[in-house]
Amino acid sequence: MEVDGGEPFGDEQGNVIEKGCCSRFKAEFSASFFTLVEANGRIIDVERTFAPKRRYCITLLYRLGVFGSMLAVMFYDIFVKRSEDSRFIYMGFLTNLTLVFSELYFLFAIYVTLWRKALAQPSADSIIHRPKFMVRFMWALYSVVTNAELILTLLYWLLVYDSKSDTVDLINLMKHGGFTLLLYIDGVFLSKIPIRFKQFLFIFLYTVAYLIWTIIHDFTGIGVGGD
């Protein structure tokens, strides 16, 4: 959601730019990671974008419900499905690690929904238009988990799932598609959280960090059996 930002087309410092894809990419790269200024010069309304007041109860209940369901899936997965000696490696799997980060996103989303001061709109006289730290952290988490969950879902069903040997239960469905859908419902329909082109650096760093972990895992033998 947006409010008028003065010039019809401008960058974060108010300089007028031209329309078009190239101009859009130029504006995205020249702006900060969490700029509230769109390439067309309009300024995003923080409250209406990250935790709309007019859908306050629905948004809060939805976020609480999804966060609770994620916790339930995680605890069931750890304490029921896994043996005691393999629980320590739970977050060593990318699907489980991403689930934990998704929970962290909803935790910050709940905080921001409840603590409305975190949604304060920057002054119109600010040199750089960006939200408060809690909203920026929530925004960064959203850009990571939505992309990671989508990629993991596609990879699992296209490359990993074997209809002859793998069972499809509720836990499996939620971890490989269900929570992905719930994340997008939160960020696209209940709120209107944008993903900046520059923010793809976050998901890149996330995958590189996990790649480093897989190398460490391979050479040290951390884990149990085939884990």
# chains A, B, ... in the order shown; residues from 1 in each chain; ligands from 1

$ residues_around --residues "segment 182-198 of chain A" --least-positions-apart "2" --cutoff "9 Å" --atoms "only C-alpha atoms" --output "JSON, numbers by chain"
{"A": [1, 25, 28, 29, 31, 32, 33, 34, 35, 48, 49, 50, 51, 52, 55, 58, 59, 62, 63, 66, 102, 106, 139, 140, 142, 143, 145, 146, 149, 177, 178, 179, 180, 200, 201, 202]}

$ write_last_selection --atoms "C-alpha atoms" --output "PDB file, in the first residue's frame"
ATOM      1  CA  MET A   1       0.000   0.000   0.000  1.00  0.00           C
ATOM      2  CA  PHE A  25      16.325  -1.860 -11.779  1.00  0.00           C
ATOM      3  CA  GLU A  28      16.114  -0.747  -6.905  1.00  0.00           C
ATOM      4  CA  PHE A  29      19.909  -1.064  -6.862  1.00  0.00           C
ATOM      5  CA  ALA A  31      18.080   2.483  -3.004  1.00  0.00           C
ATOM      6  CA  SER A  32      18.651   0.929   0.429  1.00  0.00           C
ATOM      7  CA  PHE A  33      17.518  -2.631   1.202  1.00  0.00           C
ATOM      8  CA  PHE A  34      14.451  -1.402   3.085  1.00  0.00           C
ATOM      9  CA  THR A  35      13.460   1.757   1.275  1.00  0.00           C
ATOM     10  CA  ARG A  48      -1.206  -0.680   5.822  1.00  0.00           C
ATOM     11  CA  THR A  49       1.618  -2.704   4.280  1.00  0.00           C
ATOM     12  CA  PHE A  50       2.897  -4.789   7.211  1.00  0.00           C
ATOM     13  CA  ALA A  51      -0.037  -4.995   9.657  1.00  0.00           C
ATOM     14  CA  PRO A  52      -3.235  -3.371   8.350  1.00  0.00           C
ATOM     15  CA  ARG A  55      -7.984  -6.109   9.367  1.00  0.00           C
ATOM     16  CA  ILE A  58      -8.071 -11.176  11.351  1.00  0.00           C
ATOM     17  CA  THR A  59      -4.352 -10.507  10.828  1.00  0.00           C
ATOM     18  CA  TYR A  62      -4.149 -15.575  11.509  1.00  0.00           C
ATOM     19  CA  ARG A  63      -0.538 -14.954  12.516  1.00  0.00           C
ATOM     20  CA  VAL A  66       0.012 -20.102  11.796  1.00  0.00           C
ATOM     21  CA  SER A 102       9.412 -19.063   9.235  1.00  0.00           C
ATOM     22  CA  PHE A 106       5.616 -14.936  12.348  1.00  0.00           C
ATOM     23  CA  TRP A 139      10.787  -7.691   6.204  1.00  0.00           C
ATOM     24  CA  ALA A 140      14.196  -9.361   5.811  1.00  0.00           C
ATOM     25  CA  TYR A 142       9.895 -12.516   4.905  1.00  0.00           C
ATOM     26  CA  SER A 143      12.135 -12.089   1.867  1.00  0.00           C
ATOM     27  CA  VAL A 145      11.482 -17.585   4.052  1.00  0.00           C
ATOM     28  CA  THR A 146       9.004 -16.999   1.214  1.00  0.00           C
ATOM     29  CA  GLU A 149       9.925 -22.262   1.261  1.00  0.00           C
ATOM     30  CA  GLY A 177       3.830 -26.660   0.576  1.00  0.00           C
ATOM     31  CA  GLY A 178       1.281 -25.933   3.291  1.00  0.00           C
ATOM     32  CA  PHE A 179       3.338 -23.374   5.184  1.00  0.00           C
ATOM     33  CA  THR A 180       4.547 -21.890   1.893  1.00  0.00           C
ATOM     34  CA  PHE A 200      17.547 -11.420  -2.993  1.00  0.00           C
ATOM     35  CA  LEU A 201      21.027 -11.043  -1.482  1.00  0.00           C
ATOM     36  CA  PHE A 202      19.512 -12.339   1.776  1.00  0.00           C
TER      37      PHE A 202
END

$ select_by_dssp --residues "chain A" --states "strand (DSSP E)" --output "PDB file with all heavy atoms, in the first residue's frame"
ATOM      1  N   GLU A   2       0.399   2.313  -0.622  1.00  0.00           N
ATOM      2  CA  GLU A   2       1.254   3.453  -0.813  1.00  0.00           C
ATOM      3  C   GLU A   2       0.534   4.745  -0.466  1.00  0.00           C
ATOM      4  O   GLU A   2      -0.689   4.834  -0.491  1.00  0.00           O
ATOM      5  CB  GLU A   2       1.743   3.528  -2.262  1.00  0.00           C
ATOM      6  CG  GLU A   2       2.490   2.274  -2.712  1.00  0.00           C
ATOM      7  CD  GLU A   2       2.736   2.269  -4.199  1.00  0.00           C
ATOM      8  OE1 GLU A   2       2.052   3.052  -4.889  1.00  0.00           O
ATOM      9  OE2 GLU A   2       3.585   1.501  -4.657  1.00  0.00           O
ATOM     10  N   VAL A   3       1.319   5.759  -0.129  1.00  0.00           N
ATOM     11  CA  VAL A   3       0.816   7.112   0.011  1.00  0.00           C
ATOM     12  C   VAL A   3       1.595   7.968  -0.955  1.00  0.00           C
ATOM     13  O   VAL A   3       2.680   7.617  -1.400  1.00  0.00           O
ATOM     14  CB  VAL A   3       0.979   7.634   1.461  1.00  0.00           C
ATOM     15  CG1 VAL A   3       0.130   6.816   2.404  1.00  0.00           C
ATOM     16  CG2 VAL A   3       2.450   7.599   1.897  1.00  0.00           C
ATOM     17  N   ILE A  43       5.410   6.686  -1.641  1.00  0.00           N
ATOM     18  CA  ILE A  43       5.979   6.170  -0.398  1.00  0.00           C
ATOM     19  C   ILE A  43       5.024   5.149   0.209  1.00  0.00           C
ATOM     20  O   ILE A  43       3.834   5.412   0.372  1.00  0.00           O
ATOM     21  CB  ILE A  43       6.254   7.300   0.611  1.00  0.00           C
ATOM     22  CG1 ILE A  43       7.234   8.315   0.004  1.00  0.00           C
ATOM     23  CG2 ILE A  43       6.811   6.733   1.909  1.00  0.00           C
ATOM     24  CD1 ILE A  43       7.461   9.539   0.859  1.00  0.00           C
ATOM     25  N   ILE A  44       5.548   3.993   0.558  1.00  0.00           N
ATOM     26  CA  ILE A  44       4.744   2.924   1.143  1.00  0.00           C
ATOM     27  C   ILE A  44       4.228   3.332   2.518  1.00  0.00           C
ATOM     28  O   ILE A  44       4.961   3.885   3.342  1.00  0.00           O
ATOM     29  CB  ILE A  44       5.585   1.642   1.273  1.00  0.00           C
ATOM     30  CG1 ILE A  44       5.858   1.052  -0.110  1.00  0.00           C
ATOM     31  CG2 ILE A  44       4.896   0.613   2.166  1.00  0.00           C
ATOM     32  CD1 ILE A  44       6.770  -0.150  -0.084  1.00  0.00           C
TER      33      ILE A  44
END

$ residues_around --residues "Leu99 of chain A" --least-positions-apart "3" --cutoff "8 Å" --atoms "only C-alpha atoms" --output "PyMOL selection string"
chain A and resi 70+74+95-96+102-103+175

$ write_last_selection --atoms "all heavy atoms" --output "tab-separated table (two decimals), in the first residue's frame"
chain	number	residue	atom	x	y	z
A	70	MET	N	2.87	-24.05	13.27
A	70	MET	CA	4.28	-24.32	12.96
A	70	MET	C	5.00	-24.92	14.17
A	70	MET	O	5.78	-25.87	14.04
A	70	MET	CB	4.98	-23.04	12.51
A	70	MET	CG	4.63	-22.60	11.10
A	70	MET	SD	5.53	-21.11	10.61
A	70	MET	CE	5.18	-21.08	8.84
A	74	MET	N	6.63	-28.66	14.42
A	74	MET	CA	8.03	-28.82	14.79
A	74	MET	C	8.19	-29.74	15.99
A	74	MET	O	9.03	-30.65	15.98
A	74	MET	CB	8.66	-27.45	15.10
A	74	MET	CG	10.16	-27.52	15.39
A	74	MET	SD	10.89	-25.93	15.83
A	74	MET	CE	10.21	-25.70	17.47
A	95	THR	N	14.93	-28.03	5.23
A	95	THR	CA	13.48	-27.87	5.42
A	95	THR	C	13.16	-27.48	6.85
A	95	THR	O	12.35	-26.57	7.10
A	95	THR	CB	12.75	-29.18	5.07
A	95	THR	OG1	13.00	-29.51	3.71
A	95	THR	CG2	11.25	-29.03	5.28
A	96	ASN	N	13.80	-28.14	7.80
A	96	ASN	CA	13.54	-27.85	9.22
A	96	ASN	C	14.10	-26.48	9.62
A	96	ASN	O	13.48	-25.74	10.38
A	96	ASN	CB	14.15	-28.94	10.09
A	96	ASN	CG	13.56	-30.29	9.82
A	96	ASN	OD1	12.42	-30.41	9.36
A	96	ASN	ND2	14.31	-31.34	10.08
A	102	SER	N	10.79	-19.47	9.50
A	102	SER	CA	9.41	-19.06	9.24
A	102	SER	C	8.68	-18.76	10.54
A	102	SER	O	7.90	-17.80	10.62
A	102	SER	CB	8.67	-20.16	8.46
A	102	SER	OG	9.26	-20.37	7.19
A	103	GLU	N	8.94	-19.56	11.56
A	103	GLU	CA	8.37	-19.30	12.88
A	103	GLU	C	8.87	-17.97	13.42
A	103	GLU	O	8.11	-17.20	14.02
A	103	GLU	CB	8.74	-20.43	13.83
A	103	GLU	CG	8.08	-21.76	13.52
A	103	GLU	CD	8.68	-22.90	14.33
A	103	GLU	OE1	9.52	-22.64	15.20
A	103	GLU	OE2	8.31	-24.06	14.08
A	175	LYS	N	5.01	-29.14	5.76
A	175	LYS	CA	6.41	-28.75	5.63
A	175	LYS	C	6.83	-28.55	4.18
A	175	LYS	O	7.81	-27.85	3.91
A	175	LYS	CB	7.30	-29.81	6.28
A	175	LYS	CG	7.22	-29.83	7.80
A	175	LYS	CD	8.00	-30.99	8.38
A	175	LYS	CE	9.49	-30.90	8.10
A	175	LYS	NZ	10.24	-31.99	8.74

$ atom_distance --atom1 "atom CA of Pro131 of chain A" --atom2 "atom CA of Leu97 of chain A"
27.0 Å

$ atom_distance --atom1 "atom CA of Leu159 of chain A" --atom2 "atom CA of Tyr206 of chain A"
20.9 Å

$ closest_residue --among "A:Leu141, A:Leu64, A:Val135, A:Leu181" --to "Thr153 of chain A" --atoms "only C-alpha atoms"
A:Leu181

$ closest_residue --among "A:Cys57, A:Ile222, A:Ile171, A:Ala148" --to "Phe75 of chain A" --atoms "only C-alpha atoms"
A:Ile171

$ atom_distance --atom1 "atom CA of Tyr156 of chain A" --atom2 "atom CA of Phe219 of chain A"
24.6 Å

$ select_by_dssp --residues "segment 24-182 of chain A" --states "alpha helix (DSSP H)" --output "ChimeraX atom specification"
/A:24-30,46-50,56-76,94-114,133-155,170-173,179-182
